[in-house]
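Undergrad: Sharing a structure here in C-alpha cells format.
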Amino acid sequence: MENVVELRNITMDFPGVRANDDVSLSVRRGEIFALVGENGAGKSTLMNVLYGILTPTMGECIIKGKKVTSFNPKNTIAAGVGMVHQHFMLVPSFTVAQNIVMSREPRKAGILFDEKAANEAVRSLTAEYGLQVNPTDITGRIGVGLQQRVEILKTLYRGADVLILDEPTAVLTPQETDELFAILRRVVKEKGMTVIIITHKLYEVMAISDRVGVMRQGRMIAIDETKNVTERSLAAMMVGRDVVAVQQ
C-alpha cells in the first residue's frame with residue numbers, strides 16, 4: 001500500500017532533553033496505525049512534528065510524496081492532515097457549526113456569516129461520516145464525547161484524509177469508545193482514510209489498529225502488524241523488560 005506519511009530520522013531536541021531520537025516511521029493509506037508508549041516516550045512530540053507544530057532538530061517529513069519544507073499546521077492541513085488534541089480547542093460559547101467552520105466560514109455577499117449554510121454544511125458532514133451532532137447546539141453545553149466529534153468534524157471540514165487522534169478515548173465512556181471505533185473502522189474502509197492513534201491503552205490497540213509502533217525513551221523500538229503482537233509483548237517493549245501480571 002502507498003505510504004501517505006513518512007518520517008525519516010526525526011530528532012527533536014528541547015533544552016536539556018532529546019524528546020525524539022532518530023525516529024523513522026511510515027504510515028500507509030487506508031490503515032489505522034497505533035503509536036504506543038509510556039508517558040514521556042515521545043509519542044505526542046513526534047506527532048506534533050508531523051502536524052507542523054514543532055520543527056525537528058534533524059530529519060525530514062514527507063506527506064503524500066512531498067517533502068515538508070516549512071513546518072506549520074496551516075501547511076499540514078492544506079496537505080490533508082488533521083489532528084485532534086487531547087485537550088480540545090473549541091470556543092464554548094459558539095454553536096457546534098460555528099466551531100466546525102471557524103476560519104472557513106461561509107459568507108453572504110462575501111461579508112456576513114451565513115449561519116444557514118454553515119448548519120447545512122455540518123449536517124452534510126455528519127450524514128457522510130456518521131458523526132452525529134446538532135449544528136445549533138452550544139458547544140459548552142454538550143458532553144465531552146460530542147465535543148470530540150466536533151473536533152473531528154473540524155478536521156474533516158478542512159479536507160483531512162489523514163487523521164491524528166491524541167489519546168482519543170481518555171475522556172470517553174466505554175460506550176462512546178465503541179461508537180468512535182466503529183466510526184473510524186467505517187471511514188477507513190469506505191473513505192480510504194488513514195488514522196493514527198496515540199495511546200497507552202493496549203487493549204484498544206489490539207481492538208482497533210492494523211499496525212502498531214512502540215516508542216520508549218524517545219526512540220522507536222518496534223513496528224509490527226497488530227496481529228503479530230500481544231498486550232504482554234507490547235508492554236514489555238514499552239518498559240524494556242517482561243511484564244508479569246500479579247494477582248491479588
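Identifiers for the C-alpha cells are assigned positionally: chains receive A, B, ... in sequence, residues are indexed from 1 per chain, and ligands are indexed from 1 in the order shown.
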Check the DSSP output for the backbone and give back, as a PyMOL selection string, the residues of segment 118-167 of chain A in alpha helix (DSSP H).
TA: chain A and resi 118-129+144-157
Undergrad: Taking only C-alpha atoms into account, produce a table as JSON lines in which each residue of segment 10-60 of chain A with an atom at most 9 Å from an atom of segment 182-203 of chain A appears once, together with its shortest atom pair and the distance in Å to one decimal, ordered by chain and rising number.
TA:
```
{"residue": "A:Val27", "atom": "CA", "partner": "A:Thr194", "partner_atom": "CA", "distance": 8.0}
{"residue": "A:Arg28", "atom": "CA", "partner": "A:Thr194", "partner_atom": "CA", "distance": 7.1}
{"residue": "A:Arg29", "atom": "CA", "partner": "A:Thr194", "partner_atom": "CA", "distance": 5.4}
{"residue": "A:Gly30", "atom": "CA", "partner": "A:Gly192", "partner_atom": "CA", "distance": 4.6}
{"residue": "A:Glu31", "atom": "CA", "partner": "A:Thr194", "partner_atom": "CA", "distance": 5.2}
{"residue": "A:Ile32", "atom": "CA", "partner": "A:Val195", "partner_atom": "CA", "distance": 4.7}
{"residue": "A:Phe33", "atom": "CA", "partner": "A:Ile196", "partner_atom": "CA", "distance": 4.8}
{"residue": "A:Ala34", "atom": "CA", "partner": "A:Ile197", "partner_atom": "CA", "distance": 4.8}
{"residue": "A:Leu35", "atom": "CA", "partner": "A:Ile198", "partner_atom": "CA", "distance": 4.8}
{"residue": "A:Val36", "atom": "CA", "partner": "A:His200", "partner_atom": "CA", "distance": 5.3}
{"residue": "A:Gly37", "atom": "CA", "partner": "A:His200", "partner_atom": "CA", "distance": 5.8}
{"residue": "A:Glu38", "atom": "CA", "partner": "A:His200", "partner_atom": "CA", "distance": 6.4}
{"residue": "A:Asn39", "atom": "CA", "partner": "A:His200", "partner_atom": "CA", "distance": 8.1}
{"residue": "A:Lys43", "atom": "CA", "partner": "A:Ile198", "partner_atom": "CA", "distance": 6.7}
{"residue": "A:Ser44", "atom": "CA", "partner": "A:Ile198", "partner_atom": "CA", "distance": 7.1}
{"residue": "A:Met47", "atom": "CA", "partner": "A:Ile198", "partner_atom": "CA", "distance": 8.4}
```
Undergrad: Let's have the selection written as an mmCIF file, in the first residue's frame, with C-alpha atoms.
TA:
```
data_model
loop_
_atom_site.group_PDB
_atom_site.id
_atom_site.type_symbol
_atom_site.label_atom_id
_atom_site.label_comp_id
_atom_site.auth_asym_id
_atom_site.auth_seq_id
_atom_site.Cartn_x
_atom_site.Cartn_y
_atom_site.Cartn_z
ATOM 1 C CA VAL A 27 2.082 5.146 7.658
ATOM 2 C CA ARG A 28 0.065 3.628 4.835
ATOM 3 C CA ARG A 29 -3.069 4.875 3.163
ATOM 4 C CA GLY A 30 -6.222 3.223 4.483
ATOM 5 C CA GLU A 31 -4.853 1.864 7.750
ATOM 6 C CA ILE A 32 -5.324 2.516 11.454
ATOM 7 C CA PHE A 33 -1.886 2.882 12.999
ATOM 8 C CA ALA A 34 -1.443 2.903 16.778
ATOM 9 C CA LEU A 35 1.507 4.694 18.361
ATOM 10 C CA VAL A 36 2.092 3.462 21.912
ATOM 11 C CA GLY A 37 4.484 4.118 24.751
ATOM 12 C CA GLU A 38 4.621 5.260 28.335
ATOM 13 C CA ASN A 39 4.145 8.911 29.279
ATOM 14 C CA LYS A 43 4.663 9.920 21.005
ATOM 15 C CA SER A 44 2.904 13.290 21.063
ATOM 16 C CA MET A 47 3.006 13.676 16.001
#
```
Undergrad: Closest to Val239 of chain A among A:Ser93, A:Asn20, A:Arg216, A:Ala109, using only C-alpha atoms?
TA: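 When distances to Val239 of chain A are compared using only C-alpha atoms, the smallest one comes from A:Arg216.
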Undergrad: Show which residues sit within 7 Å of Phe71 of chain A, as a PDB file with N, CA and C atoms, in the first residue's frame. Count only C-alpha atoms, and ignore same-chain residues fewer than 2 positions away.
TA:
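result-v7.pdb written:
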```
ATOM      1  N   GLY A  52       3.197  19.748  12.187  1.00  0.00           N
ATOM      2  CA  GLY A  52       3.779  21.047  11.895  1.00  0.00           C
ATOM      3  C   GLY A  52       3.849  21.997  13.063  1.00  0.00           C
ATOM      4  N   ILE A  53       3.472  21.543  14.251  1.00  0.00           N
ATOM      5  CA  ILE A  53       3.560  22.397  15.435  1.00  0.00           C
ATOM      6  C   ILE A  53       5.012  22.597  15.839  1.00  0.00           C
ATOM      7  N   LEU A  54       5.821  21.543  15.665  1.00  0.00           N
ATOM      8  CA  LEU A  54       7.235  21.583  16.006  1.00  0.00           C
ATOM      9  C   LEU A  54       8.092  21.390  14.749  1.00  0.00           C
ATOM     10  N   THR A  55       9.188  22.095  14.690  1.00  0.00           N
ATOM     11  CA  THR A  55      10.167  21.895  13.618  1.00  0.00           C
ATOM     12  C   THR A  55      11.289  21.025  14.161  1.00  0.00           C
ATOM     13  N   VAL A  68       8.209  18.150   3.380  1.00  0.00           N
ATOM     14  CA  VAL A  68       7.791  19.354   4.098  1.00  0.00           C
ATOM     15  C   VAL A  68       8.994  20.281   4.219  1.00  0.00           C
ATOM     16  N   THR A  69       8.839  21.511   3.729  1.00  0.00           N
ATOM     17  CA  THR A  69       9.927  22.482   3.788  1.00  0.00           C
ATOM     18  C   THR A  69       9.673  23.561   4.838  1.00  0.00           C
ATOM     19  N   PRO A  73       1.169  24.165  10.978  1.00  0.00           N
ATOM     20  CA  PRO A  73      -0.113  23.448  10.887  1.00  0.00           C
ATOM     21  C   PRO A  73      -0.959  23.857   9.683  1.00  0.00           C
TER      22      PRO A  73
END
```
Undergrad: Pick out the closest residue to Leu146 of chain A from this set: A:Asp161, A:Glu179, A:Asp210, A:Asp114. Count only C-alpha atoms.
TA: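 Counting only C-alpha atoms, the residue closest to Leu146 of chain A is A:Glu179.
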Undergrad: Go through A:Pro135, A:Gly240, A:Pro106, A:Gly80 and flag the residue nearest Ala160 of chain A, using only C-alpha atoms for the distances.
TA: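 Of the candidates, the smallest distance to Ala160 of chain A is held by A:Gly80.
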Undergrad: Residues within 7 Å of Leu25 of chain A, please, as a list in words. Count only C-alpha atoms; anything in the same chain fewer than 2 positions from it doesn't count.
TA: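 My list of contacting residues is Glu6, Leu7, Arg8, Val23 and Val27 of chain A.
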